[in-house]
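model.pdb (PDB, C-alpha atoms) appears below.
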```pdb
ATOM      1  CA  MET A   1      -3.153 -20.273   2.249
ATOM      2  CA  ILE A   2      -2.141 -19.150   5.735
ATOM      3  CA  GLN A   3      -4.297 -20.300   8.641
ATOM      4  CA  THR A   4      -3.766 -20.143  12.373
ATOM      5  CA  GLY A   5      -4.748 -22.880  14.789
ATOM      6  CA  ASN A   6      -6.739 -22.252  17.974
ATOM      7  CA  ASP A   7      -3.623 -22.522  20.138
ATOM      8  CA  GLU A   8      -1.823 -19.762  18.227
ATOM      9  CA  LEU A   9      -4.442 -17.025  17.770
ATOM     10  CA  ARG A  10      -3.222 -13.545  17.012
ATOM     11  CA  SER A  11      -5.008 -10.622  18.658
ATOM     12  CA  TYR A  12      -5.722  -7.269  17.033
ATOM     13  CA  GLN A  13      -7.087  -4.014  18.353
ATOM     14  CA  VAL A  14     -10.122  -2.990  16.265
ATOM     15  CA  GLY A  15     -11.232   0.387  17.560
ATOM     16  CA  PRO A  16     -12.171  -0.152  21.219
ATOM     17  CA  VAL A  17     -12.422  -3.966  20.934
ATOM     18  CA  ARG A  18      -9.784  -6.696  21.114
ATOM     19  CA  ALA A  19     -10.369  -9.371  18.431
ATOM     20  CA  GLU A  20      -8.765 -12.683  17.535
ATOM     21  CA  LEU A  21      -7.753 -13.674  14.041
ATOM     22  CA  ARG A  22      -9.515 -16.948  13.127
ATOM     23  CA  ALA A  23      -8.471 -17.277   9.474
ATOM     24  CA  LEU A  24      -6.259 -15.459   7.006
ATOM     25  CA  THR A  25      -6.203 -16.509   3.358
ATOM     26  CA  VAL A  26      -3.872 -15.130   0.684
ATOM     27  CA  SER A  27      -4.690 -15.915  -2.953
ATOM     28  CA  ASP A  28      -3.610 -14.863  -6.436
ATOM     29  CA  ASP A  29      -5.960 -12.154  -7.703
ATOM     30  CA  ARG A  30      -5.084 -12.937 -11.331
ATOM     31  CA  GLU A  31      -5.742 -16.663 -11.058
ATOM     32  CA  GLY A  32      -7.812 -17.787 -14.023
ATOM     33  CA  MET A  33      -6.873 -14.798 -16.202
ATOM     34  CA  LEU A  34      -5.396 -16.115 -19.427
ATOM     35  CA  GLU A  35      -4.840 -12.717 -20.955
ATOM     36  CA  GLY A  36      -5.894  -9.156 -20.397
ATOM     37  CA  THR A  37      -4.794  -5.665 -19.552
ATOM     38  CA  PRO A  38      -4.344  -3.805 -16.281
ATOM     39  CA  HIS A  39      -7.612  -1.976 -17.010
ATOM     40  CA  LEU A  40      -9.504  -5.236 -17.516
ATOM     41  CA  HIS A  41      -7.954  -6.638 -14.334
ATOM     42  CA  ARG A  42      -9.255  -3.590 -12.404
ATOM     43  CA  ARG A  43     -12.772  -4.132 -13.724
ATOM     44  CA  PHE A  44     -12.723  -7.875 -12.934
ATOM     45  CA  ARG A  45     -11.421  -7.135  -9.436
ATOM     46  CA  LEU A  46     -14.296  -4.774  -8.762
ATOM     47  CA  MET A  47     -16.829  -7.358  -9.989
ATOM     48  CA  ARG A  48     -15.314  -9.979  -7.650
ATOM     49  CA  ILE A  49     -15.397  -7.519  -4.751
ATOM     50  CA  GLU A  50     -19.078  -6.768  -5.292
ATOM     51  CA  LYS A  51     -19.849 -10.496  -5.465
ATOM     52  CA  ALA A  52     -17.898 -11.140  -2.237
ATOM     53  CA  MET A  53     -19.673  -8.279  -0.455
ATOM     54  CA  ALA A  54     -23.068  -9.688  -1.450
ATOM     55  CA  ALA A  55     -22.121 -13.171  -0.217
ATOM     56  CA  THR A  56     -20.336 -12.248   3.028
ATOM     57  CA  PRO A  57     -22.223 -10.317   5.684
ATOM     58  CA  HIS A  58     -20.143  -7.667   7.428
ATOM     59  CA  LEU A  59     -17.254  -7.678   4.962
ATOM     60  CA  TYR A  60     -15.066  -4.585   5.009
ATOM     61  CA  VAL A  61     -13.042  -3.987   1.834
ATOM     62  CA  HIS A  62     -10.043  -1.775   2.514
ATOM     63  CA  ASP A  63      -9.747   1.217   0.122
ATOM     64  CA  LEU A  64     -13.000   0.321  -1.669
ATOM     65  CA  ASN A  65     -13.628   3.874  -2.912
ATOM     66  CA  GLN A  66     -10.123   4.005  -4.418
ATOM     67  CA  LEU A  67     -10.652   0.616  -6.080
ATOM     68  CA  ARG A  68     -13.916   1.850  -7.608
ATOM     69  CA  ALA A  69     -12.258   5.022  -8.883
ATOM     70  CA  ASP A  70      -9.383   3.000 -10.375
ATOM     71  CA  ALA A  71     -11.771   0.697 -12.252
ATOM     72  CA  ASP A  72     -13.087   3.643 -14.273
ATOM     73  CA  ARG A  73      -9.658   4.812 -15.389
ATOM     74  CA  ARG A  74      -7.569   3.323 -18.158
ATOM     75  CA  VAL A  75      -4.443   2.812 -16.121
ATOM     76  CA  GLU A  76      -1.602   0.794 -17.644
ATOM     77  CA  GLU A  77      -0.079  -0.232 -14.309
ATOM     78  CA  TRP A  78      -0.934  -3.649 -12.831
ATOM     79  CA  LEU A  79      -2.516  -3.704  -9.395
ATOM     80  CA  PRO A  80      -1.009  -5.634  -6.467
ATOM     81  CA  ARG A  81      -1.484  -9.300  -7.199
ATOM     82  CA  GLU A  82      -2.491 -10.824  -3.849
ATOM     83  CA  THR A  83      -6.003 -10.857  -2.394
ATOM     84  CA  VAL A  84      -6.130 -11.266   1.373
ATOM     85  CA  HIS A  85      -9.214 -12.257   3.405
ATOM     86  CA  ALA A  86      -9.161 -12.206   7.199
ATOM     87  CA  ARG A  87     -11.886 -13.325   9.602
ATOM     88  CA  LEU A  88     -11.816 -12.021  13.160
ATOM     89  CA  THR A  89     -13.971 -12.792  16.199
ATOM     90  CA  SER A  90     -14.466 -11.149  19.571
ATOM     91  CA  ARG A  91     -16.250 -11.920  22.819
ATOM     92  CA  TRP A  92     -17.700  -8.424  22.661
ATOM     93  CA  LYS A  93     -21.429  -8.394  21.969
ATOM     94  CA  PRO A  94     -24.025  -5.619  21.713
ATOM     95  CA  GLU A  95     -25.359  -4.417  25.087
ATOM     96  CA  ASP A  96     -28.955  -5.257  24.165
ATOM     97  CA  THR A  97     -28.067  -8.920  23.476
ATOM     98  CA  ALA A  98     -28.713 -11.304  26.373
ATOM     99  CA  GLU A  99     -28.077 -14.617  24.627
ATOM    100  CA  PRO A 100     -24.575 -16.130  24.614
ATOM    101  CA  GLY A 101     -22.478 -15.669  21.500
ATOM    102  CA  HIS A 102     -19.720 -13.612  19.902
ATOM    103  CA  THR A 103     -19.249 -11.132  17.087
ATOM    104  CA  VAL A 104     -17.500 -11.671  13.755
ATOM    105  CA  PHE A 105     -16.038  -9.367  11.159
ATOM    106  CA  SER A 106     -14.268 -10.014   7.832
ATOM    107  CA  VAL A 107     -11.706  -7.827   6.069
ATOM    108  CA  MET A 108     -10.484  -7.981   2.463
ATOM    109  CA  TRP A 109      -7.584  -6.120   0.878
ATOM    110  CA  PHE A 110      -4.965  -6.341  -1.878
ATOM    111  CA  GLN A 111      -1.207  -6.320  -1.489
ATOM    112  CA  THR A 112       2.093  -7.365  -3.009
ATOM    113  CA  ALA A 113       3.825 -10.633  -2.104
ATOM    114  CA  ALA A 114       6.544  -8.700  -0.259
ATOM    115  CA  GLN A 115       4.092  -7.284   2.308
ATOM    116  CA  ASP A 116       3.423  -9.033   5.624
ATOM    117  CA  PRO A 117      -0.350  -9.713   5.713
ATOM    118  CA  PHE A 118      -0.437  -9.859   9.540
ATOM    119  CA  ALA A 119       1.184  -6.440   9.927
ATOM    120  CA  HIS A 120      -0.978  -4.995   7.153
ATOM    121  CA  LEU A 121      -4.113  -6.328   8.875
ATOM    122  CA  ALA A 122      -3.133  -4.562  12.112
ATOM    123  CA  THR A 123      -2.748  -1.273  10.239
ATOM    124  CA  ILE A 124      -6.100  -1.664   8.467
ATOM    125  CA  VAL A 125      -8.256  -2.623  11.467
ATOM    126  CA  ARG A 126      -6.787  -0.383  14.183
ATOM    127  CA  PRO A 127      -8.869   2.713  13.229
ATOM    128  CA  LEU A 128     -12.088   0.780  12.466
ATOM    129  CA  ASP A 129     -15.094   0.609  14.809
ATOM    130  CA  TRP A 130     -15.811  -3.036  15.620
ATOM    131  CA  THR A 131     -19.087  -2.152  17.354
ATOM    132  CA  SER A 132     -20.602  -0.773  14.156
ATOM    133  CA  LEU A 133     -19.083  -3.225  11.655
ATOM    134  CA  ALA A 134     -19.255  -6.621  13.390
ATOM    135  CA  ARG A 135     -22.194  -9.048  13.345
ATOM    136  CA  PHE A 136     -23.466 -10.960  16.369
ATOM    137  CA  VAL A 137     -23.478 -14.759  16.081
ATOM    138  CA  PRO A 138     -25.294 -16.690  18.839
ATOM    139  CA  PHE A 139     -23.734 -19.868  20.176
ATOM    140  CA  GLU A 140     -25.508 -23.013  18.977
ATOM    141  CA  ASP A 141     -26.473 -25.800  21.383
TER     142      ASP A 141
END
```

I'd like the structure from this file rewritten - as structure tokens, please.
Amino acid sequence: MIQTGNDELRSYQVGPVRAELRALTVSDDREGMLEGTPHLHRRFRLMRIEKAMAATPHLYVHDLNQLRADADRRVEEWLPRETVHARLTSRWKPEDTAEPGHTVFSVMWFQTAAQDPFAHLATIVRPLDWTSLARFVPFED
């Protein structure tokens, strides 16, 4: 697991908004699989994605349509093994919100161990629109 401390936050441009990376977790997507095929792995991955999307508000899964299309095919090639989750925050808040708080947004994608997750995150989020994807979280007293 890779995590950054508060004194070493990385910033990313997400559409028109500057956001800070609060957590980045890399895990083995095949963990717990004792045996199987690339096709079965694709189907399990899609089930885990749908479960994660139901549990995490404002989760963006990179290349979700491609992942869904791949799950229906009998492909004999294994998918990239690493699952990456990133959580970003920003001081930006919707104009109609008067209370103090911030916005949060989570991203999930899959990659190989050779890829740099920080660089890949920058590529994924740059074209996204934070204002339509992020969720407002009020500060608690």

Original post:
What is the distance between atom CA of A:Leu21 and atom CA of A:Asp96, in Å to one decimal?
Top reply: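 Computed distance, atom CA of A:Leu21 to atom CA of A:Asp96, equals 25.0 Å.
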
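Note that the spacing between atom CA of A:Leu9 and atom CA of A:Arg126 amounts to 17.2 Å.
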
Subject >> Nearest residue to A:Ile124 from the set A:Ala54, A:Val137, A:Val84, A:Val26 (distances using all atoms listed in the file) >> reply: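 Checking each of A:Ala54, A:Val137, A:Val84, A:Val26 against A:Ile124, counting all atoms listed in the file, the winner is A:Val84.
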
**OP:** Please identify all polymer residues within 12 Å of A:Glu76, counting only C-alpha atoms, omitting same-chain residues fewer than 4 positions from it, and present them as number ranges by chain.
**Re:** A: 36-42, 70-71

**OP:** Would you work out the distance separating atom CA of A:Pro100 from atom CA of A:Pro138, expressed in Å to one decimal?
**Re:**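 Computed distance, atom CA of A:Pro100 to atom CA of A:Pro138, equals 5.8 Å.
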
**OP:** Determine the nearest neighbour of A:Arg43 from the options A:Glu140, A:Asp63, A:Asp72, A:Glu99, counting only C-alpha atoms.
**Re:** A:Asp72

Subject >> Neighbour residues at most 6 Å from (-14.4, -5.8, 1.2) (all atoms listed in the file) as a list in words >> reply: Leu59, Tyr60, Val61, Val107 and Met108 of chain A

**OP:** Name the residues that the PyMOL selection byres ((chain A and resi 121) around 12) picks from the file above, as a ChimeraX atom specification, using the file's chain letters and numbers.
**Re:** /A:10-14,19-21,23-25,60-62,84-88,106-111,115-120,122-128

**OP:** Can you work out which one of A:Arg45, A:Arg22, A:Arg68, A:Lys51 has the shortest atom-to-atom distance to A:Val104, counting all atoms listed in the file?
**Re:** A:Arg22

**OP:** Take the point (-23.4, -2.5, 14.5) in the file's coordinates, draw a sphere of radius 10 Å around it, and report as a count of residues only every protein, DNA or RNA residue with an atom inside or on it, counting all atoms listed in the file.
**Re:** 12
